[in-house]
file my_file19.tsv (TSV, N, CA and C atoms)
chain	number	residue	atom	x	y	z
A	5	MET	N	-22.84	-14.75	12.31
A	5	MET	CA	-22.54	-13.75	13.32
A	5	MET	C	-21.13	-13.22	13.09
A	6	THR	N	-20.98	-11.92	13.03
A	6	THR	CA	-19.70	-11.28	12.79
A	6	THR	C	-18.98	-11.05	14.11
A	7	ALA	N	-17.69	-11.38	14.13
A	7	ALA	CA	-16.90	-11.16	15.34
A	7	ALA	C	-16.63	-9.68	15.51
A	8	VAL	N	-16.64	-9.23	16.75
A	8	VAL	CA	-16.32	-7.83	17.05
A	8	VAL	C	-14.82	-7.72	17.20
A	9	ARG	N	-14.24	-6.76	16.54
A	9	ARG	CA	-12.78	-6.56	16.57
A	9	ARG	C	-12.41	-5.82	17.83
A	10	ARG	N	-11.48	-6.39	18.56
A	10	ARG	CA	-10.97	-5.73	19.76
A	10	ARG	C	-9.93	-4.70	19.37
A	11	ASN	N	-9.95	-3.58	20.06
A	11	ASN	CA	-8.93	-2.56	19.84
A	11	ASN	C	-7.83	-2.83	20.86
A	12	THR	N	-6.83	-3.59	20.42
A	12	THR	CA	-5.76	-3.99	21.32
A	12	THR	C	-4.69	-2.92	21.41
A	13	LYS	N	-3.87	-3.05	22.44
A	13	LYS	CA	-2.75	-2.13	22.61
A	13	LYS	C	-1.79	-2.26	21.42
A	14	GLN	N	-1.57	-3.50	20.96
A	14	GLN	CA	-0.69	-3.72	19.82
A	14	GLN	C	-1.20	-3.00	18.58
A	15	LEU	N	-2.51	-3.11	18.34
A	15	LEU	CA	-3.10	-2.44	17.19
A	15	LEU	C	-2.90	-0.93	17.29
A	16	SER	N	-3.10	-0.38	18.46
A	16	SER	CA	-2.91	1.07	18.66
A	16	SER	C	-1.48	1.49	18.38
A	17	ILE	N	-0.53	0.69	18.86
A	17	ILE	CA	0.89	0.99	18.64
A	17	ILE	C	1.20	0.97	17.14
A	18	ILE	N	0.71	-0.05	16.46
A	18	ILE	CA	0.97	-0.21	15.03
A	18	ILE	C	0.32	0.94	14.25
A	19	LEU	N	-0.92	1.25	14.55
A	19	LEU	CA	-1.61	2.33	13.84
A	19	LEU	C	-0.97	3.68	14.11
A	20	ASP	N	-0.56	3.93	15.34
A	20	ASP	CA	0.14	5.19	15.65
A	20	ASP	C	1.44	5.30	14.87
A	21	THR	N	2.16	4.19	14.74
A	21	THR	CA	3.40	4.17	13.96
A	21	THR	C	3.11	4.47	12.50
A	22	ILE	N	2.09	3.83	11.96
A	22	ILE	CA	1.71	4.03	10.56
A	22	ILE	C	1.40	5.50	10.29
A	23	LYS	N	0.74	6.15	11.22
A	23	LYS	CA	0.35	7.55	11.03
A	23	LYS	C	1.55	8.48	10.95
A	24	THR	N	2.70	8.04	11.45
A	24	THR	CA	3.91	8.87	11.38
A	24	THR	C	4.73	8.60	10.12
A	25	MET	N	4.37	7.56	9.38
A	25	MET	CA	5.16	7.15	8.22
A	25	MET	C	4.63	7.84	6.96
A	26	SER	N	5.51	7.89	5.96
A	26	SER	CA	5.06	8.42	4.67
A	26	SER	C	4.17	7.37	4.01
A	27	ARG	N	3.52	7.75	2.96
A	27	ARG	CA	2.63	6.83	2.27
A	27	ARG	C	3.41	5.70	1.62
A	28	HIS	N	2.69	4.65	1.27
A	28	HIS	CA	3.22	3.53	0.48
A	28	HIS	C	4.31	2.75	1.20
A	29	PHE	N	4.04	2.34	2.40
A	29	PHE	CA	4.99	1.59	3.21
A	29	PHE	C	4.72	0.09	3.07
A	30	THR	N	5.76	-0.70	3.32
A	30	THR	CA	5.61	-2.15	3.35
A	30	THR	C	5.36	-2.58	4.79
A	31	ALA	N	4.86	-3.80	4.96
A	31	ALA	CA	4.66	-4.34	6.30
A	31	ALA	C	5.99	-4.44	7.04
A	32	GLU	N	7.05	-4.78	6.31
A	32	GLU	CA	8.38	-4.88	6.91
A	32	GLU	C	8.85	-3.52	7.43
A	33	GLU	N	8.59	-2.46	6.69
A	33	GLU	CA	8.98	-1.11	7.13
A	33	GLU	C	8.23	-0.72	8.41
A	34	VAL	N	6.96	-1.10	8.49
A	34	VAL	CA	6.19	-0.82	9.71
A	34	VAL	C	6.80	-1.59	10.88
A	35	TYR	N	7.08	-2.86	10.67
A	35	TYR	CA	7.67	-3.68	11.72
A	35	TYR	C	8.98	-3.07	12.23
A	36	LEU	N	9.85	-2.66	11.31
A	36	LEU	CA	11.14	-2.09	11.70
A	36	LEU	C	10.96	-0.81	12.52
A	37	GLU	N	9.96	-0.01	12.18
A	37	GLU	CA	9.68	1.22	12.95
A	37	GLU	C	9.09	0.88	14.31
A	38	VAL	N	8.14	-0.06	14.34
A	38	VAL	CA	7.48	-0.45	15.60
A	38	VAL	C	8.49	-1.00	16.60
A	39	LYS	N	9.40	-1.84	16.13
A	39	LYS	CA	10.32	-2.51	17.06
A	39	LYS	C	11.34	-1.56	17.68
A	40	LYS	N	11.53	-0.36	17.10
A	40	LYS	CA	12.44	0.62	17.70
A	40	LYS	C	11.97	1.01	19.10
A	41	GLU	N	10.67	1.22	19.26
A	41	GLU	CA	10.11	1.63	20.54
A	41	GLU	C	9.47	0.46	21.29
A	42	ASN	N	9.15	-0.61	20.58
A	42	ASN	CA	8.44	-1.75	21.17
A	42	ASN	C	9.09	-3.05	20.72
A	43	PRO	N	10.30	-3.33	21.21
A	43	PRO	CA	11.03	-4.51	20.73
A	43	PRO	C	10.34	-5.84	21.02
A	44	GLY	N	9.42	-5.86	21.96
A	44	GLY	CA	8.72	-7.10	22.29
A	44	GLY	C	7.57	-7.43	21.35
A	45	LEU	N	7.22	-6.50	20.50
A	45	LEU	CA	6.12	-6.72	19.55
A	45	LEU	C	6.66	-7.47	18.34
A	46	GLY	N	6.16	-8.68	18.12
A	46	GLY	CA	6.71	-9.56	17.10
A	46	GLY	C	6.28	-9.22	15.68
A	47	GLN	N	7.08	-9.67	14.74
A	47	GLN	CA	6.81	-9.44	13.33
A	47	GLN	C	5.47	-10.03	12.91
A	48	ALA	N	5.15	-11.23	13.36
A	48	ALA	CA	3.89	-11.87	12.99
A	48	ALA	C	2.70	-11.05	13.47
A	49	THR	N	2.80	-10.48	14.67
A	49	THR	CA	1.72	-9.65	15.21
A	49	THR	C	1.54	-8.40	14.36
A	50	VAL	N	2.63	-7.77	13.98
A	50	VAL	CA	2.56	-6.57	13.15
A	50	VAL	C	1.94	-6.92	11.79
A	51	PHE	N	2.44	-7.96	11.15
A	51	PHE	CA	1.93	-8.34	9.82
A	51	PHE	C	0.45	-8.71	9.90
A	52	ARG	N	0.07	-9.47	10.93
A	52	ARG	CA	-1.33	-9.90	11.08
A	52	ARG	C	-2.24	-8.69	11.24
A	53	ASN	N	-1.84	-7.72	12.07
A	53	ASN	CA	-2.65	-6.53	12.29
A	53	ASN	C	-2.74	-5.66	11.04
A	54	ILE	N	-1.65	-5.56	10.29
A	54	ILE	CA	-1.68	-4.80	9.04
A	54	ILE	C	-2.67	-5.44	8.06
A	55	ASN	N	-2.62	-6.77	7.94
A	55	ASN	CA	-3.56	-7.46	7.04
A	55	ASN	C	-5.00	-7.27	7.49
A	56	LYS	N	-5.25	-7.32	8.78
A	56	LYS	CA	-6.61	-7.11	9.29
A	56	LYS	C	-7.08	-5.68	9.00
A	57	MET	N	-6.20	-4.71	9.20
A	57	MET	CA	-6.57	-3.32	8.91
A	57	MET	C	-6.86	-3.13	7.43
A	58	ALA	N	-6.14	-3.83	6.57
A	58	ALA	CA	-6.41	-3.75	5.14
A	58	ALA	C	-7.76	-4.39	4.81
A	59	GLN	N	-8.06	-5.53	5.43
A	59	GLN	CA	-9.35	-6.19	5.20
A	59	GLN	C	-10.51	-5.33	5.69
A	60	GLU	N	-10.28	-4.57	6.76
A	60	GLU	CA	-11.34	-3.74	7.34
A	60	GLU	C	-11.44	-2.37	6.67
A	61	GLY	N	-10.54	-2.07	5.74
A	61	GLY	CA	-10.62	-0.80	5.03
A	61	GLY	C	-9.90	0.35	5.70
A	62	ILE	N	-9.20	0.09	6.80
A	62	ILE	CA	-8.44	1.15	7.47
A	62	ILE	C	-7.22	1.48	6.62
A	63	LEU	N	-6.63	0.45	6.02
A	63	LEU	CA	-5.48	0.61	5.13
A	63	LEU	C	-5.87	0.16	3.74
A	64	LEU	N	-5.26	0.76	2.75
A	64	LEU	CA	-5.39	0.32	1.38
A	64	LEU	C	-4.17	-0.52	1.06
A	65	LYS	N	-4.39	-1.75	0.58
A	65	LYS	CA	-3.29	-2.63	0.19
A	65	LYS	C	-3.07	-2.48	-1.30
A	66	ILE	N	-1.83	-2.22	-1.69
A	66	ILE	CA	-1.48	-2.05	-3.09
A	66	ILE	C	-0.58	-3.21	-3.49
A	67	GLU	N	-1.10	-4.09	-4.32
A	67	GLU	CA	-0.33	-5.23	-4.80
A	67	GLU	C	0.66	-4.71	-5.84
A	68	VAL	N	1.94	-4.91	-5.62
A	68	VAL	CA	2.96	-4.41	-6.54
A	68	VAL	C	3.59	-5.60	-7.25
A	69	PRO	N	3.36	-5.72	-8.56
A	69	PRO	CA	3.98	-6.84	-9.28
A	69	PRO	C	5.50	-6.81	-9.14
A	70	GLY	N	6.07	-7.94	-8.80
A	70	GLY	CA	7.52	-8.04	-8.69
A	70	GLY	C	8.09	-7.40	-7.43
A	71	GLY	N	7.25	-7.09	-6.46
A	71	GLY	CA	7.73	-6.46	-5.24
A	71	GLY	C	6.77	-6.70	-4.09
A	72	ALA	N	7.16	-6.22	-2.93
A	72	ALA	CA	6.32	-6.38	-1.74
A	72	ALA	C	5.08	-5.50	-1.84
A	73	SER	N	3.97	-5.98	-1.32
A	73	SER	CA	2.77	-5.16	-1.27
A	73	SER	C	3.04	-3.91	-0.45
A	74	ARG	N	2.42	-2.83	-0.82
A	74	ARG	CA	2.54	-1.57	-0.10
A	74	ARG	C	1.18	-1.25	0.49
A	75	TYR	N	1.20	-0.41	1.50
A	75	TYR	CA	-0.02	0.00	2.18
A	75	TYR	C	-0.02	1.50	2.35
A	76	GLU	N	-1.21	2.05	2.52
A	76	GLU	CA	-1.35	3.44	2.89
A	76	GLU	C	-2.68	3.57	3.63
A	77	LEU	N	-2.79	4.62	4.44
A	77	LEU	CA	-4.06	4.86	5.09
A	77	LEU	C	-5.10	5.06	4.01
A	78	SER	N	-6.29	4.51	4.22
A	78	SER	CA	-7.32	4.56	3.19
A	78	SER	C	-7.57	5.98	2.74
A	79	ALA	N	-7.71	6.11	1.44
A	79	ALA	CA	-7.93	7.40	0.79
A	79	ALA	C	-8.85	7.12	-0.40
A	80	PRO	N	-9.36	8.17	-1.01
A	80	PRO	CA	-10.16	7.92	-2.22
A	80	PRO	C	-9.33	7.12	-3.22
A	81	LYS	N	-10.00	6.29	-4.01
A	81	LYS	CA	-9.30	5.45	-4.98
A	81	LYS	C	-8.47	6.32	-5.93
A	82	HIS	N	-7.28	5.83	-6.23
A	82	HIS	CA	-6.37	6.56	-7.09
A	82	HIS	C	-5.34	5.60	-7.68
A	83	TYR	N	-4.55	6.09	-8.61
A	83	TYR	CA	-3.55	5.28	-9.28
A	83	TYR	C	-2.16	5.61	-8.78
A	84	HIS	N	-1.21	4.75	-9.13
A	84	HIS	CA	0.16	4.89	-8.65
A	84	HIS	C	1.17	4.76	-9.78
A	85	ALA	N	2.38	5.22	-9.51
A	85	ALA	CA	3.53	5.03	-10.40
A	85	ALA	C	4.65	4.44	-9.57
A	86	LYS	N	5.36	3.46	-10.15
A	86	LYS	CA	6.47	2.81	-9.46
A	86	LYS	C	7.76	3.11	-10.22
A	87	CYS	N	8.76	3.56	-9.49
A	87	CYS	CA	10.07	3.82	-10.09
A	87	CYS	C	10.77	2.48	-10.33
A	88	ILE	N	11.21	2.27	-11.56
A	88	ILE	CA	11.88	1.01	-11.90
A	88	ILE	C	13.32	0.96	-11.40
A	89	LYS	N	13.84	2.08	-10.92
A	89	LYS	CA	15.20	2.12	-10.38
A	89	LYS	C	15.21	1.87	-8.87
A	90	CYS	N	14.46	2.68	-8.12
A	90	CYS	CA	14.51	2.60	-6.65
A	90	CYS	C	13.33	1.83	-6.05
A	91	GLY	N	12.29	1.59	-6.85
A	91	GLY	CA	11.15	0.81	-6.37
A	91	GLY	C	10.11	1.61	-5.58
A	92	ARG	N	10.35	2.92	-5.38
A	92	ARG	CA	9.38	3.73	-4.63
A	92	ARG	C	8.08	3.85	-5.40
A	93	LEU	N	7.00	4.04	-4.65
A	93	LEU	CA	5.67	4.17	-5.21
A	93	LEU	C	5.18	5.59	-4.99
A	94	PHE	N	4.53	6.16	-5.97
A	94	PHE	CA	4.04	7.53	-5.91
A	94	PHE	C	2.57	7.57	-6.33
A	95	ASP	N	1.81	8.51	-5.80
A	95	ASP	CA	0.45	8.74	-6.28
A	95	ASP	C	0.51	9.42	-7.63
A	96	VAL	N	-0.44	9.10	-8.49
A	96	VAL	CA	-0.55	9.73	-9.80
A	96	VAL	C	-1.75	10.66	-9.75
A	97	GLU	N	-1.56	11.87	-10.22
A	97	GLU	CA	-2.66	12.83	-10.25
A	97	GLU	C	-3.46	12.62	-11.53
A	98	MET	N	-4.47	11.82	-11.38
A	98	MET	CA	-5.32	11.43	-12.51
A	98	MET	C	-6.66	11.02	-11.93
A	99	ASP	N	-7.74	11.40	-12.59
A	99	ASP	CA	-9.05	11.00	-12.12
A	99	ASP	C	-9.18	9.48	-12.15
A	100	TYR	N	-9.74	8.92	-11.09
A	100	TYR	CA	-10.01	7.49	-11.02
A	100	TYR	C	-11.17	7.19	-11.96
A	101	ILE	N	-11.09	6.09	-12.68
A	101	ILE	CA	-12.14	5.70	-13.63
A	101	ILE	C	-12.92	4.55	-13.00
A	102	PRO	N	-14.03	4.84	-12.32
A	102	PRO	CA	-14.72	3.81	-11.55
A	102	PRO	C	-15.31	2.67	-12.38
A	103	ASP	N	-15.71	2.92	-13.61
A	103	ASP	CA	-16.34	1.88	-14.42
A	103	ASP	C	-15.42	1.32	-15.49
A	104	LEU	N	-14.12	1.42	-15.29
A	104	LEU	CA	-13.16	0.96	-16.29
A	104	LEU	C	-13.35	-0.51	-16.63
A	105	GLU	N	-13.72	-1.32	-15.66
A	105	GLU	CA	-13.92	-2.76	-15.90
A	105	GLU	C	-14.97	-3.00	-16.98
A	106	ASN	N	-15.98	-2.12	-17.06
A	106	ASN	CA	-17.06	-2.29	-18.04
A	106	ASN	C	-16.59	-1.99	-19.46
A	107	LYS	N	-15.43	-1.36	-19.60
A	107	LYS	CA	-14.92	-1.00	-20.93
A	107	LYS	C	-13.92	-2.02	-21.47
A	108	VAL	N	-13.58	-3.01	-20.66
A	108	VAL	CA	-12.61	-4.02	-21.08
A	108	VAL	C	-13.30	-5.11	-21.90
A	109	LYS	N	-12.75	-5.39	-23.06
A	109	LYS	CA	-13.27	-6.49	-23.87
A	109	LYS	C	-12.61	-7.77	-23.37
A	110	ASP	N	-13.42	-8.71	-22.95
A	110	ASP	CA	-12.88	-9.93	-22.35
A	110	ASP	C	-13.51	-11.16	-22.98
A	111	PRO	N	-12.79	-11.83	-23.86
A	111	PRO	CA	-13.33	-13.03	-24.50
A	111	PRO	C	-13.28	-14.26	-23.60
A	112	HIS	N	-12.71	-14.14	-22.41
A	112	HIS	CA	-12.53	-15.30	-21.53
A	112	HIS	C	-13.64	-15.44	-20.50
A	113	GLY	N	-14.59	-14.52	-20.47
A	113	GLY	CA	-15.69	-14.60	-19.52
A	113	GLY	C	-15.29	-14.24	-18.10
A	114	PHE	N	-14.26	-13.45	-17.98
A	114	PHE	CA	-13.75	-13.04	-16.66
A	114	PHE	C	-14.76	-12.11	-15.99
A	115	GLN	N	-15.01	-12.31	-14.70
A	115	GLN	CA	-15.88	-11.42	-13.95
A	115	GLN	C	-14.99	-10.48	-13.13
A	116	PHE	N	-14.92	-9.22	-13.53
A	116	PHE	CA	-14.05	-8.25	-12.88
A	116	PHE	C	-14.67	-7.76	-11.58
A	117	SER	N	-13.82	-7.54	-10.59
A	117	SER	CA	-14.30	-7.02	-9.29
A	117	SER	C	-13.65	-5.68	-8.95
A	118	GLY	N	-12.74	-5.21	-9.79
A	118	GLY	CA	-12.08	-3.94	-9.54
A	118	GLY	C	-10.81	-3.85	-10.35
A	119	HIS	N	-10.05	-2.78	-10.12
A	119	HIS	CA	-8.79	-2.63	-10.84
A	119	HIS	C	-7.84	-1.74	-10.07
A	120	ASP	N	-6.57	-2.01	-10.27
A	120	ASP	CA	-5.48	-1.19	-9.76
A	120	ASP	C	-4.57	-0.94	-10.95
A	121	ILE	N	-4.13	0.28	-11.10
A	121	ILE	CA	-3.21	0.58	-12.19
A	121	ILE	C	-1.94	1.15	-11.57
A	122	ILE	N	-0.81	0.57	-11.96
A	122	ILE	CA	0.49	1.08	-11.53
A	122	ILE	C	1.30	1.38	-12.79
A	123	PHE	N	1.58	2.66	-13.00
A	123	PHE	CA	2.42	3.08	-14.10
A	123	PHE	C	3.87	2.87	-13.69
A	124	THR	N	4.74	2.64	-14.64
A	124	THR	CA	6.16	2.47	-14.33
A	124	THR	C	6.98	3.53	-15.05
A	125	GLY	N	8.12	3.87	-14.47
A	125	GLY	CA	9.02	4.85	-15.05
A	125	GLY	C	10.17	5.10	-14.10
A	126	ILE	N	10.83	6.23	-14.27
A	126	ILE	CA	11.96	6.59	-13.41
A	126	ILE	C	11.62	7.89	-12.71
A	127	CYS	N	11.70	7.88	-11.38
A	127	CYS	CA	11.35	9.06	-10.59
A	127	CYS	C	12.38	10.17	-10.76
A	128	SER	N	12.02	11.38	-10.33
A	128	SER	CA	12.91	12.53	-10.50
A	128	SER	C	14.22	12.36	-9.74
A	129	SER	N	14.18	11.75	-8.55
A	129	SER	CA	15.43	11.55	-7.78
A	129	SER	C	16.39	10.64	-8.53
A	130	CYS	N	15.88	9.56	-9.09
A	130	CYS	CA	16.74	8.63	-9.83
A	130	CYS	C	17.24	9.26	-11.12
A	131	ARG	N	16.42	10.08	-11.77
A	131	ARG	CA	16.87	10.78	-12.98
A	131	ARG	C	18.00	11.74	-12.66
A	132	GLU	N	17.89	12.41	-11.51
A	132	GLU	CA	18.96	13.34	-11.08
A	132	GLU	C	20.26	12.58	-10.82
A	133	LYS	N	20.15	11.42	-10.18
A	133	LYS	CA	21.34	10.59	-9.92
A	133	LYS	C	22.00	10.15	-11.22
A	134	GLN	N	21.18	9.86	-12.24
A	134	GLN	CA	21.73	9.46	-13.54
A	134	GLN	C	22.48	10.61	-14.18
A	135	LYS	N	21.97	11.83	-14.04
A	135	LYS	CA	22.63	13.02	-14.61
A	135	LYS	C	24.00	13.24	-13.99
A	136	ASP	N	24.10	12.97	-12.68
A	136	ASP	CA	25.34	13.21	-11.95
A	136	ASP	C	26.46	12.23	-12.32
A	137	LYS	N	26.11	11.17	-12.96
A	137	LYS	CA	27.13	10.15	-13.29
A	137	LYS	C	27.87	10.49	-14.56

call {"tool": "encode", "arguments": {"input": "my_file19.tsv", "output": "structure tokens"}}
result
Amino acid sequence: MTAVRRNTKQLSIILDTIKTMSRHFTAEEVYLEVKKENPGLGQATVFRNINKMAQEGILLKIEVPGGASRYELSAPKHYHAKCIKCGRLFDVEMDYIPDLENKVKDPHGFQFSGHDIIFTGICSSCREKQKDK
């Protein structure tokens, strides 16, 4: 039997806050925004609700190697680029390859369940800052 998810006031506050934020936010960034207007809402509550929304497909969780996971409101599957200077995450304009797992040669017998690709480089803002120096 599947539990029915309650739409709590806390969840509404968190989701409303998320809708005002730019894409690719961390749970900590959401918490810091939420507590500005709702100081009584605890960090654990915010993090727990973000994780539940990710599990339910409301948010997309992006695992970032060497950094905090990022989230965004669910959107069609797509790839990302991470700036190695400032750590910001950007969407990449590239067609998603849904069957990419079937093209991987795997001698280890790994059973793939999906893929995320994060390209790395230096964003235009950081490149501009380098020019100014």

call {"tool": "residues_around", "arguments": {"input": "my_file19.tsv", "residues": "region 36-43 of chain A", "least_positions_apart": "6", "cutoff": "8 Å", "atoms": "only C-alpha atoms", "output": "list in words"}}
result
Ile17, Ile18 and Thr21 of chain A

call {"tool": "closest_residue", "arguments": {"input": "my_file19.tsv", "among": "A:Gln47, A:Thr12, A:Ser73, A:Gln59", "to": "Phe29 (chain A)", "atoms": "only C-alpha atoms"}}
result
A:Ser73

call {"tool": "select_by_dssp", "arguments": {"input": "my_file19.tsv", "residues": "chain A", "states": "alpha helix (DSSP H)", "output": "number ranges by chain"}}
result
A: 13-24, 31-41, 47-59, 128-136

call {"tool": "closest_atom_pairs", "arguments": {"input": "my_file19.tsv", "of": "region 22-71 of chain A", "to": "region 112-127 of chain A", "cutoff": "8 Å", "atoms": "all atoms listed in the file", "output": "JSON lines"}}
result
{"residue": "A:Ile66", "atom": "CA", "partner": "A:Asp120", "partner_atom": "CA", "distance": 7.8}
{"residue": "A:Glu67", "atom": "N", "partner": "A:Asp120", "partner_atom": "CA", "distance": 7.6}
{"residue": "A:Val68", "atom": "CA", "partner": "A:Ile122", "partner_atom": "CA", "distance": 7.8}
{"residue": "A:Pro69", "atom": "N", "partner": "A:Ile122", "partner_atom": "CA", "distance": 8.0}

call {"tool": "select_by_dssp", "arguments": {"input": "my_file19.tsv", "residues": "chain A", "states": "strand (DSSP E)", "output": "PyMOL selection string"}}
result
chain A and resi 63-66+74-77+83-87+93-96+122-125

call {"tool": "atom_distance", "arguments": {"input": "my_file19.tsv", "atom1": "atom N of Phe94 (chain A)", "atom2": "atom C of Arg74 (chain A)"}}
result
10.4 Å

call {"tool": "residues_near_point", "arguments": {"input": "my_file19.tsv", "point": "(-7.3, 5.8, -5.7)", "cutoff": "8 Å", "atoms": "all atoms listed in the file", "output": "list in words"}}
result
Ala79, Pro80, Lys81, His82, Tyr83, His84, Asp99, Tyr100 and Ile101 of chain A

call {"tool": "atom_distance", "arguments": {"input": "my_file19.tsv", "atom1": "CA of Cys130 (chain A)", "atom2": "CA of Lys89 (chain A)"}}
result
6.7 Å

call {"tool": "atom_distance", "arguments": {"input": "my_file19.tsv", "atom1": "CA of Gly61 (chain A)", "atom2": "atom N of Ile22 (chain A)"}}
result
15.2 Å

call {"tool": "closest_residue", "arguments": {"input": "my_file19.tsv", "among": "A:Thr24, A:Glu33, A:Gly46, A:Ser128", "to": "Cys87 (chain A)", "atoms": "all atoms listed in the file"}}
result
A:Ser128

call {"tool": "axis_aligned_box", "arguments": {"input": "my_file19.tsv", "around": "region 97-113 of chain A", "padding_each_side": "6 Å", "output": "JSON"}}
result
{"center_x": -9.3, "center_y": -1.3, "center_z": -17.4, "size_x": 27.5, "size_y": 40.3, "size_z": 26.3}

call {"tool": "residues_around", "arguments": {"input": "my_file19.tsv", "residues": "His28 (chain A)", "least_positions_apart": "5", "cutoff": "6.5 Å", "atoms": "all atoms listed in the file", "output": "NGL selection string"}}
result
:A and (74-77 or 93)

call {"tool": "build_atoms", "arguments": {"input": "my_file19.tsv", "residues": "region 59-71 of chain A", "atoms": "N, CA, C and O atoms", "output": "tab-separated table (two decimals), in the frame of the given file"}}
result
chain	number	residue	atom	x	y	z
A	59	GLN	N	-8.06	-5.53	5.43
A	59	GLN	CA	-9.35	-6.19	5.20
A	59	GLN	C	-10.51	-5.33	5.69
A	59	GLN	O	-11.59	-5.34	5.11
A	60	GLU	N	-10.28	-4.57	6.76
A	60	GLU	CA	-11.34	-3.74	7.34
A	60	GLU	C	-11.44	-2.37	6.67
A	60	GLU	O	-12.30	-1.57	7.03
A	61	GLY	N	-10.54	-2.07	5.74
A	61	GLY	CA	-10.62	-0.80	5.03
A	61	GLY	C	-9.90	0.35	5.70
A	61	GLY	O	-9.99	1.49	5.23
A	62	ILE	N	-9.20	0.09	6.80
A	62	ILE	CA	-8.44	1.15	7.47
A	62	ILE	C	-7.22	1.48	6.62
A	62	ILE	O	-6.82	2.63	6.52
A	63	LEU	N	-6.63	0.45	6.02
A	63	LEU	CA	-5.48	0.61	5.13
A	63	LEU	C	-5.87	0.16	3.74
A	63	LEU	O	-6.70	-0.75	3.57
A	64	LEU	N	-5.26	0.76	2.75
A	64	LEU	CA	-5.39	0.32	1.38
A	64	LEU	C	-4.17	-0.52	1.06
A	64	LEU	O	-3.04	-0.09	1.29
A	65	LYS	N	-4.39	-1.75	0.58
A	65	LYS	CA	-3.29	-2.63	0.19
A	65	LYS	C	-3.07	-2.48	-1.30
A	65	LYS	O	-4.01	-2.59	-2.10
A	66	ILE	N	-1.83	-2.22	-1.69
A	66	ILE	CA	-1.48	-2.05	-3.09
A	66	ILE	C	-0.58	-3.21	-3.49
A	66	ILE	O	0.55	-3.31	-3.02
A	67	GLU	N	-1.10	-4.09	-4.32
A	67	GLU	CA	-0.33	-5.23	-4.80
A	67	GLU	C	0.66	-4.71	-5.84
A	67	GLU	O	0.24	-4.12	-6.84
A	68	VAL	N	1.94	-4.91	-5.62
A	68	VAL	CA	2.96	-4.41	-6.54
A	68	VAL	C	3.59	-5.60	-7.25
A	68	VAL	O	4.28	-6.40	-6.61
A	69	PRO	N	3.36	-5.72	-8.56
A	69	PRO	CA	3.98	-6.84	-9.28
A	69	PRO	C	5.50	-6.81	-9.14
A	69	PRO	O	6.13	-5.76	-9.28
A	70	GLY	N	6.07	-7.94	-8.80
A	70	GLY	CA	7.52	-8.04	-8.69
A	70	GLY	C	8.09	-7.40	-7.43
A	70	GLY	O	9.29	-7.19	-7.33
A	71	GLY	N	7.25	-7.09	-6.46
A	71	GLY	CA	7.73	-6.46	-5.24
A	71	GLY	C	6.77	-6.70	-4.09
A	71	GLY	O	5.70	-7.30	-4.26
